[in-house]
Protein chains: 2
Amino acid sequence: MRPTVNDIAREAGVSLATVDRVLNERPGVRDKTIRAVNDAIAKLGYVRNVAAANLARQRRYRFLFILPAVETQFLRALQAAIHDAARGPLAEASDVVIATVPQRDPHAIVTVLDDHGDQPIDGCAIMAHETPDVRDLIIRLKAEGTTVVTLITDQPRAPRDHFVGIDNRAAGRTAAVLLGRFAGQKPGKVAVVVSSMLARDMVDRRLGFDEVLAERFPHLQSLPSLEGHDDRDLTAQITAACLAAHDNVVAIYVAGAGTRGVNEAVRRAGLPDHLVVVAHELTAHTRGGLEDGSIDAVIAQDVGHLARSALRVLRAKADRAPLDEGQEQIRIEIVIRENLPPSTDSALSTPQAAA
Amino acid sequence: MRPTVNDIAREAGVSLATVDRVLNERPGVRDKTIRAVNDAIAKLGYVRNVAAANLARQRRYRFLFILPAVETQFLRALQAAIHDAARGPLAEASDVVIATVPQRDPHAIVTVLDDHGDQPIDGCAIMAHETPDVRDLIIRLKAEGTTVVTLITDQPRAPRDHFVGIDNRAAGRTAAVLLGRFAGQKPGKVAVVVSSMLARDMVDRRLGFDEVLAERFPHLQSLPSLEGHDDRDLTAQITAACLAAHDNVVAIYVAGAGTRGVNEAVRRAGLPDHLVVVAHELTAHTRGGLEDGSIDAVIAQDVGHLARSALRVLRAKADRAPLDEGQEQIRIEIVIRENLPPSTDSALSTPQAAA
DNA sequence: AGAAAAATGAGGTACGTCCCTCAAAAACAC
DNA sequence: GTGTTTTTGAGGGACGTACCTCATTTTTCT
C-alpha cells in the first residue's frame with residue numbers, strides 16, 4: 001500500500017497539518033521542520049495521490065487554444081483533434097476553449113485574451129506566426145503566471161514553456177531525401193509550394209529541403225518558393241504559371257497547405273506520370289493523393305498526438321509535475337500509400353468547447 | 001459543474017442507494033426503476049467520476065505482460081518501455097508484472113500463469129508465436145474473466161479482446177516500396193533475413209514484401225528467407241553464405257532481428273556502397289546504421305506507444321470504458337536518417353515490476 | 001523574564017463514490 | 001387480507017487530500 005500523508009506525519013514526528021503545510025507550500029513552517037518532512041517523504045517514497053487531491057481541491061483547469069482562423073483541412077483536423085482530446089480522460093477536470101484569430105490582424109490575438117480575462121487561465125497553447133505581437137502576448141501571459149505552449153510553429157525568441165511540434169528543418173530534409181531518391185538520377189527542376197514565407201515553419205522546411213538537395217541531389221534544382229497563402233485558386237494559378245514557365249519540372253515539394261491547388265494545376269498541365277510529389281500533412285486530400293498515386297509521400301505530424309501532447313504538457317505544468325519527454329516527442333511521420341493509417345475521420349465531427 | 005449521483009437521485013425521484021445499486025449493477029432493483037435512473041443519467045449527462053470511484057473502491061488493477069525470453073535489442077527496449085509506462089500515470093492504481101518465457105518451451109507460458117494464480121489477474125498482454133498452447137492459454141484466461149491483449153504478434157484465431165501492434169503485411173509492403181524505389185532500375189536480387197518463419201509477423205511481412213516486389217519491381221528477385229533465430233552469429237553466417245552464393249545482391253530486407261549479424265556479413269563481404277538495406281525496429285543498432293548510412297530505412301513501431309497502448313486498453317477493458325480507436329492505432333513508422341527522433345534511451349534503465 | 005511573534009497541533013468539513021446495515025414500504029402469492 | 005418476498009430509503013463510514021479555525025507550544029526579541 002502506498003504511504004499517505006498520515007504516514008509522513010508519523011514518520012516525521014509532526015502533525016498532519018504541518019505535513020499539509022509543507023506539501024502545499026503554505027507559510028509558517030520552520031526550515032528545519034520542512035526538511036524533516038521532506039526527508040520522511042523521500043524515505044517512504046510518498047507520492048501525492050493526484051486523484052484524491054483534485055477531488056478534494058475541486059480544481060478545474062482552464063486551458064485556451066489559440067489557432068489561426070485559416071480554412072485549411074489540416075487546421076480543421078487539428079481543431080477536431082483538440083476537441084476530441086478535450087472530451088477525453090486527458091482533459092479530466094479541464095475546460096478547454098478553442099479560439100481562432102485572423103492571421104492578418106496581429107492585435108486580434110490580444111483581444112481574444114481580454115475576452116477570457118474575467119477568470120485567469122491556467123495554460124495556453126498558441127499556434128501563430130512568429131511576430132512581435134505574439135511574442136509580447138506570450139511575455140504578458142507568462143507574467144500573469146499562465147503556462148504557454150507553442151503549437152506547430154515554435155516561438156524560440158519568446159519565453160514559452162514548451163513547444164509541441166516537429167523540427168521543421170528536419171522535416172524539410174526528410175522530404176528532400178524522399179523526393180530526391182524517388183526522382184532518380186535524371187537532372188531536372190523542383191517546384192516548391194509554401195503557404196507563406198512569413199511562417200517560420202515554412203522557412204525552416206524550405207531551408208532543410210534546399211540543404212539536402214544541394215548536398216545530395218545536385219542534379220535537382222529547386223525553384224523559388226510559390227506562395228499560395230492557403231488559397232486554393234491562388235495556389236493553382238501560380239503553380240500553373242510555374243509549370244508553364246519551366247520545361248523540366250520533375251518534382252514538386254508542397255511544403256504548406258495547397259495540395260488541392262497543386263493537384264489541379266498538375267492535372268491541367270498534363271505532366272508525366274513519374275512526376276514526384278511530396279506533400280505535408282495527412283488530410284483527406286493528401287490521403288486521396290497517396291491512394292491514387294498522384295502523391296508519392298507525405299510528411300505528417302499526427303494531429304491527435306499534437307492535441308493530446310499539448311493538453312498533457314499544459315496539465316503537467318499546471319500541476320508542476322514532470323513530463324515524459326519521450327511521449328511528448330512529436331514524430332516526423334513519413335506516409336506512403338502502403339503505411340497509410342486507416343481513416344478514423346473524427347475530422348468530420350463539429351469542433352467546439354468541451355470539458 | 002458536472003452532475004453527481006445525488007443529482008441523479010433527485011432527478012429520478014429515487015434515493016441515493018438505489019442510484020448506487022443501478023450504477024454498480026447490484027441486484028434488487030425493479031426494471032422500471034433501473035430505467036428511470038438510466039433516463040436521469042442520460043438526461044443530465046452524468047459521467048461517473050472515475051477518480052473518486054477508484055479512491056473509494058481502493059481498487060488495484062493487476063496486469064501481466066508475457067514476453068518471450070529472447071535477448072534482442074527490440075525486446076529489451078520494449079521491456080523498458082513497459083516498465084516506464086508502468087510507473088507513469090497510465091498505470092495509476094495498477095500492479096504491472098512482466099514475465100518472460102522461453103520461446104521453445106510452449107508449456108512454460110502456462111506455468112507462468114499458475115505462479116500468479118494466487119490472486120486473479122485483471123488483464124494480460126501476450127507476445128508469443130501463434131501456437132495451440134498460446135491459443136489454449138488465451139481461451140483459459142478469457143474463461144477466467146481476464147481481458148487478453150495480444151502484443152506485436154496477433155493471435156487472430158484466439159478470442160483476444162484487442163491487438164496492439166501493426167499490420168505486418170502492410171509493413172512488409174511498405175518496406176518493399178522503399179527498398180524498390182531506393183534500389184533503382186537495375187535488375188538484381190534481394191536477400192531477406194527473418195528471425196523465424198514460425199513467427200506469424202515474419203511470415204506476414206515477407207508476404208507483403210513479396211507482393212509488392214512482384215507487382216511493382218519485377219526486376220528485383222527476392223531470395224528465400226534466411227532464418228537467423230535471433231542469434232547474431234548465426235545470422236552473420238547465413239547472410240555471408242547467401243552473399244557468397246549469389247553474385248548480384250542489390251538489396252537486403254531485414255524483416256526480423258539480426259541487423260548486427262547482417263551488418264557484420266555485409267562489411268566482411270565488402271559489398272558496394274549503394275547496397276540498399278531496409279530493416280525493422282528502431283534500436284541502438286539500426287539507429288547507428290541509419291546514421292552511418294549502412295541502413296537506408298527502418299520500419300518501426302514505437303515501443304513507448306505499444307506499451308502505453310496496451311496499458312490503456314487493458315485498463316479501459318477492466319473499467320468497461322470505451323477506447324479511443326484513433327489513439328490505439330499503432331503506426332507503421334518509416335524512419336530514415338533525416339527524421340530519426342532524438343535518442344531518449346530509456347532502454348538503459350532496469351526493467352522490473354512496478355506500480 | 002516577560003511580551004510578542006512564529007510555529008505547530010488538534011480537529012473539523014468537504015470532494016464524489018462505494019459499500020454496508022437496518023428499517024420501512026411496496027409488490028406479490030395464496 | 002394476511003404473510004412473504006422484493007424493493008427502496010436513510011444513514012453512515014471509508015478512501016486520500018485540501019483547507020480552514022482555534023488553541024497551544026515554542027522560539028525570538030527586548
# chains A, B, ... in the order shown; residues from 1 in each chain; ligands from 1

$ interface_residues --of "chain B" --to "chain C" --cutoff "12 Å" --atoms "only C-alpha atoms (C1' of nucleotides)" --output "NGL selection string"
:B and (2-7 or 16-17 or 19-21 or 23-24 or 26 or 30 or 47-59)

$ closest_atom_pairs --of "chain A" --to "chain B" --cutoff "8 Å" --atoms "only C-alpha atoms" --output "CSV"
residue,atom,partner,partner_atom,distance
A:Ala51,CA,B:Ala51,CA,5.3
A:Ala52,CA,B:Leu55,CA,6.8
A:Leu55,CA,B:Ala52,CA,6.8
A:Ala170,CA,B:Glu338,CA,5.9
A:Ala171,CA,B:Asn339,CA,6.7
A:Arg173,CA,B:Glu338,CA,6.0
A:Thr174,CA,B:Glu338,CA,5.0
A:Val177,CA,B:Glu338,CA,7.8
A:Arg181,CA,B:Phe182,CA,6.0
A:Phe182,CA,B:Arg181,CA,6.0
A:Gly184,CA,B:Gly184,CA,7.3
A:Gly304,CA,B:Gln327,CA,7.2
A:Glu325,CA,B:Thr344,CA,7.9
A:Gly326,CA,B:Thr344,CA,6.3
A:Gln327,CA,B:Gly304,CA,7.2
A:Gln329,CA,B:Pro341,CA,7.9
A:Arg331,CA,B:Pro341,CA,6.8
A:Ile332,CA,B:Asn339,CA,5.8
A:Glu333,CA,B:Glu333,CA,6.6
A:Ile334,CA,B:Ile334,CA,5.6
A:Val335,CA,B:Ile334,CA,7.5
A:Ile336,CA,B:Thr174,CA,7.6
A:Glu338,CA,B:Thr174,CA,5.0
A:Asn339,CA,B:Ile332,CA,5.8
A:Pro341,CA,B:Arg331,CA,6.8
A:Thr344,CA,B:Gly326,CA,6.3

$ interface_residues --of "chain D" --to "chain B" --cutoff "10 Å" --atoms "only C-alpha atoms (C1' of nucleotides)" --output "ChimeraX atom specification"
/D:6-10,14-16

$ select_by_dssp --residues "segment 161-328 of chain B" --states "strand (DSSP E or B)" --output "PyMOL selection string"
chain B and resi 162-164+188-194+220-227+249-254+276-280+297-300

$ atom_distance --atom1 "atom CA of Thr259 of chain A" --atom2 "atom CA of Val192 of chain A"
11.6 Å
